[in-house]
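Next up, structure-v3.cif (mmCIF, C-alpha atoms):
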data_structure
loop_
_atom_site.label_atom_id
_atom_site.label_comp_id
_atom_site.auth_asym_id
_atom_site.auth_seq_id
_atom_site.Cartn_x
_atom_site.Cartn_y
_atom_site.Cartn_z
CA MET A 100 0.00 0.00 0.00
CA SER A 101 2.88 2.30 0.88
CA LEU A 102 4.20 1.76 -2.66
CA ILE A 103 0.92 2.84 -4.23
CA TYR A 104 0.82 5.98 -2.08
CA GLY A 105 4.39 6.70 -3.18
CA LEU A 106 3.49 6.35 -6.86
CA VAL A 107 0.34 8.49 -6.60
CA THR A 108 2.15 11.21 -4.61
CA GLY A 109 4.95 11.18 -7.19
CA ILE A 110 2.54 11.45 -10.13
CA LEU A 111 0.76 14.44 -8.57
CA PHE A 112 4.07 16.09 -7.69
CA GLY A 113 5.35 15.43 -11.23
CA ILE A 114 2.26 17.08 -12.75
CA LEU A 115 2.73 20.18 -10.54
CA LEU A 116 6.45 20.41 -11.35
CA GLN A 117 5.78 20.06 -15.09
CA LYS A 118 2.92 22.59 -15.15
CA ALA A 119 5.00 25.17 -13.28
CA GLU A 120 7.90 24.56 -15.74
CA VAL A 121 10.34 24.12 -12.85
CA LEU A 122 11.76 20.92 -14.38
CA ARG A 123 13.52 22.84 -17.16
CA PHE A 124 17.29 23.31 -17.17
CA ASP A 125 16.83 26.92 -18.27
CA LYS A 126 14.59 27.62 -15.25
CA GLN A 127 16.92 25.92 -12.76
CA VAL A 128 20.13 27.51 -14.01
CA GLY A 129 18.18 30.69 -14.78
CA ALA A 130 17.43 30.96 -11.05
CA LEU A 131 21.10 30.45 -10.15
CA ARG A 132 21.97 33.21 -12.64
CA LEU A 133 19.32 35.42 -10.97
CA MET A 134 17.47 35.81 -14.26
CA ASP A 135 14.26 33.88 -13.58
CA MET A 136 12.94 33.08 -10.11
CA THR A 137 10.24 30.58 -11.18
CA ILE A 138 11.73 27.68 -9.20
CA PHE A 139 12.01 29.79 -6.05
CA LYS A 140 8.42 31.00 -6.42
CA PHE A 141 7.30 27.36 -6.60
CA MET A 142 9.54 26.16 -3.79
CA LEU A 143 8.96 29.00 -1.34
CA SER A 144 5.21 28.87 -1.94
CA ALA A 145 5.25 25.13 -1.17
CA ILE A 146 7.33 25.72 1.97
CA ALA A 147 5.03 28.49 3.24
CA VAL A 148 1.95 26.25 2.89
CA GLY A 149 3.93 23.28 4.21
CA ALA A 150 5.15 25.10 7.34
CA VAL A 151 1.65 26.24 8.31
CA GLY A 152 0.20 22.78 7.63
CA VAL A 153 2.96 20.84 9.36
CA TYR A 154 2.84 22.90 12.58
CA LEU A 155 -0.97 22.92 12.59
CA LEU A 156 -1.11 19.13 12.33
CA LYS A 157 1.69 18.79 14.88
CA ASP A 158 -0.19 20.95 17.40
CA LEU A 159 -3.27 18.79 16.81
CA GLU A 160 -1.00 15.79 17.53
CA LEU A 161 -1.89 14.22 14.19
CA ILE A 162 1.70 13.99 12.93
CA LYS A 163 5.27 13.77 14.20
CA LEU A 164 8.18 15.75 12.81
CA SER A 165 10.86 13.81 10.92
CA LEU A 166 13.99 15.93 11.25
CA LYS A 167 17.36 15.46 9.61
CA GLY A 168 20.28 15.80 12.00
CA THR A 169 22.20 19.06 11.97
CA SER A 170 25.91 18.74 11.19
CA ILE A 171 27.58 21.99 10.20
CA GLY A 172 30.43 20.07 8.52
CA ALA A 173 28.13 17.81 6.50
CA GLN A 174 25.68 20.51 5.48
CA VAL A 175 28.32 23.10 4.59
CA LEU A 176 30.58 20.76 2.58
CA GLY A 177 27.73 18.61 1.23
CA GLY A 178 25.63 21.67 0.44
CA THR A 179 28.55 23.27 -1.41
CA LEU A 180 29.26 20.13 -3.44
CA PHE A 181 25.59 19.84 -4.33
CA GLY A 182 25.44 23.49 -5.40
CA ILE A 183 28.41 23.01 -7.74
CA GLY A 184 26.95 19.83 -9.26
CA TRP A 185 23.48 21.35 -9.51
CA ALA A 186 24.74 24.38 -11.49
CA ILE A 187 26.49 22.01 -13.96
CA LEU A 188 23.69 19.44 -14.24
CA GLY A 189 20.77 21.89 -14.12
CA TYR A 190 18.48 19.30 -12.54
CA CYS A 191 18.22 17.98 -8.98
CA PRO A 192 17.52 14.45 -7.71
CA GLY A 193 13.75 15.02 -7.65
CA THR A 194 13.49 16.89 -10.95
CA ALA A 195 15.88 14.91 -13.19
CA GLY A 196 13.32 12.13 -13.69
CA GLY A 197 10.60 14.69 -14.29
CA ALA A 198 12.75 16.43 -16.91
CA LEU A 199 13.18 13.08 -18.66
CA GLY A 200 9.38 12.61 -18.49
CA GLU A 201 8.85 15.77 -20.56
CA GLY A 202 11.47 14.71 -23.13
CA ARG A 203 14.64 16.39 -21.83
CA VAL A 204 16.79 13.37 -22.67
CA ASP A 205 20.06 14.88 -21.39
CA ALA A 206 18.65 14.18 -17.92
CA ILE A 207 19.45 10.47 -18.52
CA TRP A 208 23.16 11.29 -18.21
CA GLY A 209 22.46 13.21 -15.04
CA ILE A 210 20.52 10.26 -13.57
CA LEU A 211 23.35 7.85 -14.46
CA GLY A 212 25.82 10.30 -12.93
CA MET A 213 23.75 10.48 -9.75
CA LEU A 214 23.69 6.67 -9.51
CA PHE A 215 27.48 6.71 -9.96
CA GLY A 216 27.71 9.41 -7.28
CA GLY A 217 25.62 7.20 -4.97
CA GLY A 218 28.21 4.45 -5.34
CA ILE A 219 31.11 6.86 -4.81
CA TYR A 220 29.51 8.29 -1.67
CA ALA A 221 29.08 4.80 -0.21
CA LEU A 222 32.78 4.13 -0.93
CA SER A 223 33.91 7.35 0.70
CA TYR A 224 31.43 7.27 3.62
CA PRO A 225 34.03 6.11 6.20
CA PHE A 226 36.17 9.14 5.32
CA PHE A 227 33.27 11.62 5.62
CA LYS A 228 32.09 9.97 8.84
CA ALA A 229 35.56 10.26 10.42
CA ASN A 230 36.39 13.77 9.19
CA VAL A 231 33.31 15.79 8.31
CA ILE A 232 30.01 14.60 9.78
CA GLY A 233 31.19 15.06 13.37
CA ILE A 234 31.94 18.77 12.91
CA GLY A 235 29.31 20.93 14.61
CA ASN A 236 26.96 18.04 15.25
CA PHE A 237 23.83 19.32 17.04
CA GLY A 238 21.41 16.48 16.32
CA LYS A 239 17.79 16.91 15.28
CA ILE A 240 16.93 20.50 16.10
CA THR A 241 14.49 23.11 14.83
CA LEU A 242 14.75 26.90 14.74
CA PRO A 243 12.02 27.36 17.41
CA GLN A 244 13.91 24.97 19.70
CA ILE A 245 17.26 26.76 19.52
CA LEU A 246 15.67 30.21 19.80
CA GLY A 247 13.42 29.01 22.61
CA ILE A 248 10.32 30.81 21.33
CA ASN A 249 6.87 29.64 20.23
CA HIS A 250 6.95 27.97 16.81
CA TRP A 251 4.05 30.08 15.50
CA ILE A 252 6.11 33.25 15.89
CA ILE A 253 8.77 31.75 13.63
CA VAL A 254 6.19 30.40 11.16
CA VAL A 255 4.56 33.84 10.86
CA VAL A 256 7.89 35.66 10.45
CA PHE A 257 9.11 33.05 7.95
CA VAL A 258 5.91 33.21 5.86
CA ALA A 259 5.98 37.02 5.97
CA PHE A 260 9.59 36.93 4.72
CA ILE A 261 8.58 34.59 1.86
CA ILE A 262 5.72 36.94 0.87
CA PHE A 263 8.16 39.87 0.98
CA MET A 264 10.47 37.91 -1.37
CA PHE A 265 7.53 37.31 -3.75
CA GLY A 266 6.87 41.04 -3.81
CA PHE A 267 10.53 41.65 -4.59
CA PHE A 268 10.53 39.09 -7.44
CA GLU A 269 7.43 40.64 -8.99
CA LYS A 270 8.73 44.20 -8.62
CA LYS A 271 11.98 43.25 -10.36
CA GLY A 272 10.12 41.22 -13.00
CA LEU A 273 12.10 38.07 -12.24
CA MET B 119 -4.60 19.61 -17.50
CA ASN B 120 -4.58 20.96 -21.06
CA ARG B 121 -3.15 24.32 -20.08
CA LYS B 122 0.54 24.58 -20.85
CA THR B 123 1.58 26.33 -17.66
CA TRP B 124 0.23 27.04 -14.21
CA ASN B 125 1.19 30.00 -12.08
CA PRO B 126 4.24 28.86 -10.07
CA TYR B 127 2.85 30.33 -6.82
CA ILE B 128 -0.35 28.29 -7.17
CA ALA B 129 1.41 25.10 -8.32
CA GLY B 130 3.86 25.54 -5.43
CA ALA B 131 1.07 26.03 -2.89
CA LEU B 132 -0.58 22.84 -4.19
CA ALA B 133 2.77 21.05 -3.79
CA GLY B 134 2.85 22.27 -0.18
CA LEU B 135 -0.65 20.89 0.32
CA LEU B 136 0.46 17.60 -1.22
CA LEU B 137 3.37 17.45 1.25
CA VAL B 138 1.04 18.07 4.21
CA LEU B 139 -1.48 15.46 3.02
CA SER B 140 1.29 12.92 2.44
CA ILE B 141 2.57 13.41 5.99
CA LEU B 142 -0.95 13.20 7.41
CA ILE B 143 -2.06 10.13 5.46
CA THR B 144 1.11 8.04 5.22
CA GLY B 145 3.60 9.77 7.51
CA LYS B 146 5.93 10.25 4.54
CA PHE B 147 7.89 13.47 4.04
CA LEU B 148 8.88 14.20 0.43
CA GLY B 149 12.46 13.41 -0.55
CA ALA B 150 14.30 11.91 -3.50
CA SER B 151 18.06 11.63 -3.15
CA THR B 152 18.34 8.51 -0.96
CA THR B 153 16.75 6.54 -3.80
CA PHE B 154 19.92 7.07 -5.86
CA SER B 155 22.11 5.60 -3.10
CA ARG B 156 19.78 2.64 -2.65
CA SER B 157 19.55 2.06 -6.41
CA ALA B 158 23.35 2.20 -6.65
CA ALA B 159 23.46 -0.58 -4.02
CA VAL B 160 20.97 -2.68 -6.01
CA ILE B 161 22.99 -2.17 -9.22
CA GLU B 162 26.22 -3.13 -7.43
CA GLU B 163 24.60 -6.31 -6.07
CA THR B 164 23.27 -7.14 -9.55
CA VAL B 165 26.71 -6.95 -11.14
CA GLY B 166 28.17 -9.10 -8.38
CA ILE B 167 29.64 -6.56 -5.94
CA ASP B 168 29.07 -7.51 -2.30
CA THR B 169 27.61 -4.29 -0.86
CA SER B 170 27.81 -5.59 2.72
CA ARG B 171 31.51 -4.65 2.53
CA PHE B 172 30.52 -0.98 2.51
CA GLU B 173 29.67 0.51 5.89
CA TYR B 174 27.19 2.95 4.31
CA PHE B 175 25.01 0.15 2.94
CA THR B 176 24.84 -1.68 6.28
CA THR B 177 24.57 1.28 8.67
CA LYS B 178 21.21 2.06 10.36
CA LYS B 179 20.06 -1.56 9.90
CA GLY B 180 20.56 -1.42 6.14
CA LYS B 181 18.50 1.76 5.68
CA TYR B 182 20.49 2.51 2.51
CA GLY B 183 21.26 -1.11 1.55
CA PRO B 184 19.94 -3.08 -1.45
CA ALA B 185 17.16 -4.75 0.58
CA SER B 186 15.59 -1.33 1.30
CA LEU B 187 14.04 -1.27 -2.20
CA PRO B 188 11.34 -1.16 -3.39
CA ASN B 189 9.95 1.44 -0.99
CA TRP B 190 7.72 4.52 -0.89
CA GLN B 191 10.43 6.92 -2.07
CA LEU B 192 11.48 4.83 -5.11
CA LEU B 193 7.89 4.80 -6.29
CA PHE B 194 7.62 8.53 -5.56
CA VAL B 195 10.65 9.23 -7.80
CA ILE B 196 9.23 6.98 -10.56
CA GLY B 197 5.86 8.70 -10.11
CA ILE B 198 7.45 12.09 -10.87
CA ILE B 199 8.61 10.75 -14.26
CA VAL B 200 5.13 9.38 -14.99
CA GLY B 201 3.32 12.52 -13.77
CA SER B 202 5.55 14.79 -15.81
CA PHE B 203 5.02 12.64 -18.91
CA ILE B 204 1.22 12.67 -18.45
CA SER B 205 1.16 16.43 -17.87
CA ALA B 206 3.44 17.17 -20.84
CA SER B 207 1.40 14.87 -23.12
CA PHE B 208 -1.95 16.45 -22.20
CA SER B 209 -0.68 19.98 -22.79
CA LYS B 210 1.42 18.98 -25.82
CA THR B 211 4.58 20.35 -24.21
CA PHE B 212 6.42 17.01 -24.47
CA GLU B 213 9.46 17.69 -26.61
CA ILE B 214 12.63 15.70 -27.17
CA VAL B 215 15.42 18.15 -26.33
CA LYS B 216 18.96 16.75 -26.40
CA VAL B 217 20.75 19.88 -25.24
CA PRO B 218 19.07 22.60 -23.11
CA PRO B 219 18.92 25.98 -24.96
CA MET B 220 20.87 27.89 -22.30
CA TRP B 221 23.62 25.26 -22.30
CA ALA B 222 23.74 25.23 -26.12
CA LYS B 223 24.17 29.01 -26.21
CA ARG B 224 27.25 28.79 -23.98
CA PHE B 225 28.80 25.44 -24.98
CA GLY B 226 27.34 24.55 -28.37
CA SER B 227 24.83 21.89 -29.35
CA SER B 228 26.99 18.76 -28.92
CA PRO B 229 24.93 16.16 -27.00
CA LEU B 230 28.18 14.34 -26.08
CA LYS B 231 29.68 17.38 -24.38
CA ARG B 232 26.42 18.03 -22.56
CA GLY B 233 26.13 14.34 -21.59
CA VAL B 234 29.62 14.18 -20.09
CA ALA B 235 29.03 17.38 -18.08
CA ALA B 236 25.60 16.19 -16.92
CA PHE B 237 27.09 12.87 -15.80
CA PHE B 238 29.85 14.43 -13.70
CA GLY B 239 27.61 17.24 -12.46
CA GLY B 240 25.13 14.59 -11.34
CA ALA B 241 27.84 12.59 -9.57
CA ILE B 242 29.13 15.65 -7.66
CA ALA B 243 25.57 16.72 -6.82
CA LEU B 244 24.67 13.33 -5.42
CA ILE B 245 27.82 12.98 -3.31
CA GLY B 246 26.99 16.43 -1.93
CA VAL B 247 23.35 15.73 -1.08
CA ARG B 248 24.06 12.43 0.55
CA LEU B 249 26.71 14.08 2.71
CA ALA B 250 24.34 16.96 3.49
CA GLY B 251 21.59 14.45 4.27
CA GLY B 252 19.01 15.59 1.72
CA CYS B 253 18.20 17.38 -1.52
CA PRO B 254 15.99 20.40 -2.34
CA SER B 255 12.99 18.11 -1.64
CA GLY B 256 14.20 16.52 1.59
CA HIS B 257 16.07 19.49 3.10
CA GLY B 258 14.16 22.12 1.15
CA LEU B 259 10.44 21.32 1.11
CA SER B 260 10.33 18.86 4.00
CA GLY B 261 13.13 20.36 6.10
CA LEU B 262 12.14 24.02 5.87
CA SER B 263 8.45 23.22 6.38
CA GLN B 264 9.51 21.79 9.75
CA LEU B 265 11.82 24.80 10.38
CA ALA B 266 14.74 22.35 10.68
CA VAL B 267 18.12 23.98 11.35
CA SER B 268 19.77 21.42 9.01
CA GLY B 269 17.45 22.55 6.20
CA PHE B 270 18.33 26.23 6.58
CA ILE B 271 22.08 25.52 6.51
CA ALA B 272 21.87 23.08 3.59
CA LEU B 273 19.64 25.34 1.46
CA THR B 274 21.91 28.34 2.07
CA PHE B 275 24.92 26.44 0.77
CA PHE B 276 23.01 24.75 -2.11
CA PHE B 277 22.10 28.22 -3.33
CA LEU B 278 25.38 30.04 -2.60
CA ALA B 279 27.56 27.40 -4.28
CA GLY B 280 25.10 27.12 -7.17
CA LEU B 281 25.09 30.89 -7.63
CA ILE B 282 28.89 31.15 -7.67
CA THR B 283 29.33 28.13 -9.96
CA ALA B 284 26.70 29.38 -12.43
CA ARG B 285 28.39 32.80 -12.43
CA LEU B 286 31.77 31.20 -13.20
CA ILE B 287 30.37 28.89 -15.88
CA TYR B 288 28.28 31.51 -17.72
CA LYS B 289 30.51 34.49 -16.93
CA ASN B 290 27.26 36.28 -16.14
CA LYS B 291 26.55 37.06 -19.78
CA ARG B 292 22.82 37.52 -20.12
CA GLY B 293 20.69 35.67 -22.64
#
Have the structure of the file written as structure tokens, please.
Amino acid sequence: MSLIYGLVTGILFGILLQKAEVLRFDKQVGALRLMDMTIFKFMLSAIAVGAVGVYLLKDLELIKLSLKGTSIGAQVLGGTLFGIGWAILGYCPGTAGGALGEGRVDAIWGILGMLFGGGIYALSYPFFKANVIGIGNFGKITLPQILGINHWIIVVVFVAFIIFMFGFFEKKGL
Amino acid sequence: MNRKTWNPYIAGALAGLLLVLSILITGKFLGASTTFSRSAAVIEETVGIDTSRFEYFTTKKGKYGPASLPNWQLLFVIGIIVGSFISASFSKTFEIVKVPPMWAKRFGSSPLKRGVAAFFGGAIALIGVRLAGGCPSGHGLSGLSQLAVSGFIALTFFFLAGLITARLIYKNKRG
């Protein structure tokens, strides 16, 4: 059953990504060149709705958070490597398949490269574990936890910031 | 479904709703990158490499090992391909493009050159996301929706490194 939910969720997500044109190389790299903010409009809009929904359902005790551990070393080095690769590839792990689905066949090479990268990461995992992942390891923490204030204050400020960014994008015609 | 494009704010808000419903109904947060590690393990096993020799594929009770597939996330990633194909077919925006226009303008229309770059870009990107612990779906959508500190750090560096790299590659020439 879990597999069917996964497939249906993926199909719906794929339709939304395709309709918003965020799967395109030109949109992804266009955002990194600060020429076209379409992918950030999509992503930030999803995050704003997601943050309100997630914290609402959490307060109603209907869901539990599933946090990824914070490691400054892993997220700074890993984030930097991803950014470099992303700017070259022009697709990300979630969108490469979607790009292929709308006929962007160069994404096949990206997908093969990502599978290769998966193998390389597994090979080099002992090195990263010994030298990088332990740096600045704070475990599974959220912004409201470290600031020690009510999560709704952060949600409201965060959503207001996102709306401000939208206003900026529209004003600049990005 | 027949319209070529939807407003990105509205499509994005619907994606946020999809994330919330997925968490509520199945407890699954959206993410994609781990599937590439798991699939790499399956491929290695298929060609006769014993993946139990690699710590990564046995850690966390084999969370990333070959026996972890098929799972929700693999089908989610496959679903994105299917959904995109359906959407593109309905709106007649499906188009075989071998080299993206922006790439072609900078590096020419050779599919081989583009393929080699895409392969190595993909490899670097995946090593990065697995180290960081998630991609723009896992750290971005799911992480930031939970206000996770890891998500804020990862997204900042995804974007900063991407911005600098794109600037170096395209020398900031417009068009």
Open item on the list: Under the rule that all atoms listed in the file are counted, which of B:Met220, B:Leu262, B:Val200, B:Ala243 is the nearest residue to Val128 in chain A?
Closed with: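 Counting all atoms listed in the file, the residue closest to Val128 in chain A is B:Met220.
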TODO: Determine, counting all atoms listed in the file, which protein, DNA and RNA residues have an atom within 9 Å of an atom of Glu120 in chain A; residues of the same chain fewer than 6 positions away are not included. Present the result as an MDAnalysis selection string.
DONE: (chainID A and resid 126 137:138) or (chainID B and resid 122:124 126)
- [ ] Name the residues captured by the PyMOL selection byres ((chain A and resi 196) around 12) when it is applied to the shown file; answer as a PyMOL selection string.
- [x] (chain A and resi 109-110+112-113+116-117+122-123+190-195+197-211+213) or (chain B and resi 150-151+153-154+192-203)
Task: Counting only C-alpha atoms, the residue of A:Phe141, A:Trp185, A:Phe215, A:Tyr154 that sits nearest Arg156 in chain B - done: A:Phe215
TODO: Rounded to one decimal place, report the CA of Gly258 in chain B-CA of Gly178 in chain A distance in Å.
DONE: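 Computing it gives 11.5 Å between the two atoms.
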Task: B:Ser263, B:Arg171, B:Ser140, B:Leu278 ranked by distance to chain A, top pick (using all atoms listed in the file) - done: B:Ser263
Open item on the list: List the spatial neighbours of Ala186 in chain A as a ChimeraX atom specification - criterion: any atom at most 8 Å away, all atoms listed in the file, same-chain residues fewer than 2 positions off excluded.
Closed with: /A:128,131,182-184,188-189 /B:239,280-281,283-284
For range 116-124 of chain A, take all atoms listed in the file, fit an axis-aligned box around them, add 8 Å to each of the six sides, then output centre and edge lengths in Å rounded to one decimal, as AutoDock Vina command-line options.
--center_x 10.1 --center_y 22.6 --center_z -14.3 --size_x 30.4 --size_y 21.1 --size_z 21.8
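Residues in contact range of Ala145 in chain A, defined as at most 9 Å between only C-alpha atoms, with sequence neighbours fewer than 6 positions away removed, read B:Tyr127, B:Ile128, B:Ala129, B:Gly130, B:Ala131, B:Leu132, B:Ala133, B:Gly134, B:Leu135, B:Leu136, B:Leu137, B:Leu259, B:Ser263.
Of note, CA of Val258 in chain A and CA of Lys157 in chain A are spaced 17.5 Å apart.
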Open item on the list: Let me make sure I understand: among B:Tyr182, B:Val217, B:Leu148, B:Trp190, which one has the smallest atom-to-atom distance to Ser101 in chain A if we use all atoms listed in the file?
Closed with: B:Trp190
Using the partial input, fill out range 234-260 of chain B with N, CA and C atoms; write the result as a compact mmCIF listing (two decimals), keeping the file's coordinate frame.
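The new file part26.txt reads:
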# COMPACT_ATOMS: atom_id res chain seq x y z
N VAL B 234 28.48 14.38 -20.99
CA VAL B 234 29.62 14.18 -20.09
C VAL B 234 29.50 15.14 -18.89
N ALA B 235 29.16 16.40 -19.17
CA ALA B 235 29.03 17.38 -18.08
C ALA B 235 27.88 17.00 -17.15
N ALA B 236 26.75 16.56 -17.74
CA ALA B 236 25.60 16.19 -16.92
C ALA B 236 25.94 15.01 -16.03
N PHE B 237 26.71 14.05 -16.58
CA PHE B 237 27.09 12.87 -15.80
C PHE B 237 27.93 13.28 -14.59
N PHE B 238 28.97 14.07 -14.82
CA PHE B 238 29.85 14.43 -13.70
C PHE B 238 29.18 15.44 -12.76
N GLY B 239 28.39 16.33 -13.32
CA GLY B 239 27.61 17.24 -12.46
C GLY B 239 26.69 16.45 -11.55
N GLY B 240 26.03 15.44 -12.12
CA GLY B 240 25.13 14.59 -11.34
C GLY B 240 25.86 13.84 -10.24
N ALA B 241 27.06 13.34 -10.57
CA ALA B 241 27.84 12.59 -9.57
C ALA B 241 28.23 13.50 -8.41
N ILE B 242 28.74 14.70 -8.72
CA ILE B 242 29.13 15.65 -7.66
C ILE B 242 27.91 16.04 -6.82
N ALA B 243 26.80 16.31 -7.52
CA ALA B 243 25.57 16.72 -6.82
C ALA B 243 25.12 15.63 -5.85
N LEU B 244 25.17 14.38 -6.29
CA LEU B 244 24.67 13.33 -5.42
C LEU B 244 25.58 13.07 -4.22
N ILE B 245 26.90 13.12 -4.44
CA ILE B 245 27.82 12.98 -3.31
C ILE B 245 27.51 14.08 -2.29
N GLY B 246 27.31 15.29 -2.80
CA GLY B 246 26.99 16.43 -1.93
C GLY B 246 25.71 16.24 -1.15
N VAL B 247 24.62 15.85 -1.82
CA VAL B 247 23.35 15.73 -1.08
C VAL B 247 23.35 14.60 -0.09
N ARG B 248 24.05 13.52 -0.43
CA ARG B 248 24.06 12.43 0.55
C ARG B 248 24.87 12.83 1.77
N LEU B 249 25.95 13.58 1.57
CA LEU B 249 26.71 14.08 2.71
C LEU B 249 25.85 15.06 3.51
N ALA B 250 25.17 15.95 2.82
CA ALA B 250 24.34 16.96 3.49
C ALA B 250 23.13 16.32 4.16
N GLY B 251 22.72 15.16 3.67
CA GLY B 251 21.59 14.45 4.27
C GLY B 251 20.27 14.69 3.58
N GLY B 252 20.28 15.38 2.43
CA GLY B 252 19.01 15.59 1.72
C GLY B 252 19.17 16.56 0.57
N CYS B 253 18.17 16.56 -0.32
CA CYS B 253 18.20 17.38 -1.52
C CYS B 253 17.21 18.54 -1.38
N PRO B 254 16.97 19.32 -2.45
CA PRO B 254 15.99 20.40 -2.34
C PRO B 254 14.58 19.92 -1.95
N SER B 255 14.27 18.63 -2.14
CA SER B 255 12.99 18.11 -1.64
C SER B 255 13.09 17.79 -0.15
N GLY B 256 14.07 16.98 0.21
CA GLY B 256 14.20 16.52 1.59
C GLY B 256 14.57 17.64 2.55
N HIS B 257 15.65 18.37 2.24
CA HIS B 257 16.07 19.49 3.10
C HIS B 257 15.22 20.72 2.82
N GLY B 258 14.88 20.92 1.54
CA GLY B 258 14.16 22.12 1.15
C GLY B 258 12.70 22.07 1.57
N LEU B 259 11.87 21.36 0.81
CA LEU B 259 10.44 21.32 1.11
C LEU B 259 10.17 20.75 2.49
N SER B 260 10.66 19.52 2.74
CA SER B 260 10.33 18.86 4.00
C SER B 260 11.05 19.50 5.18
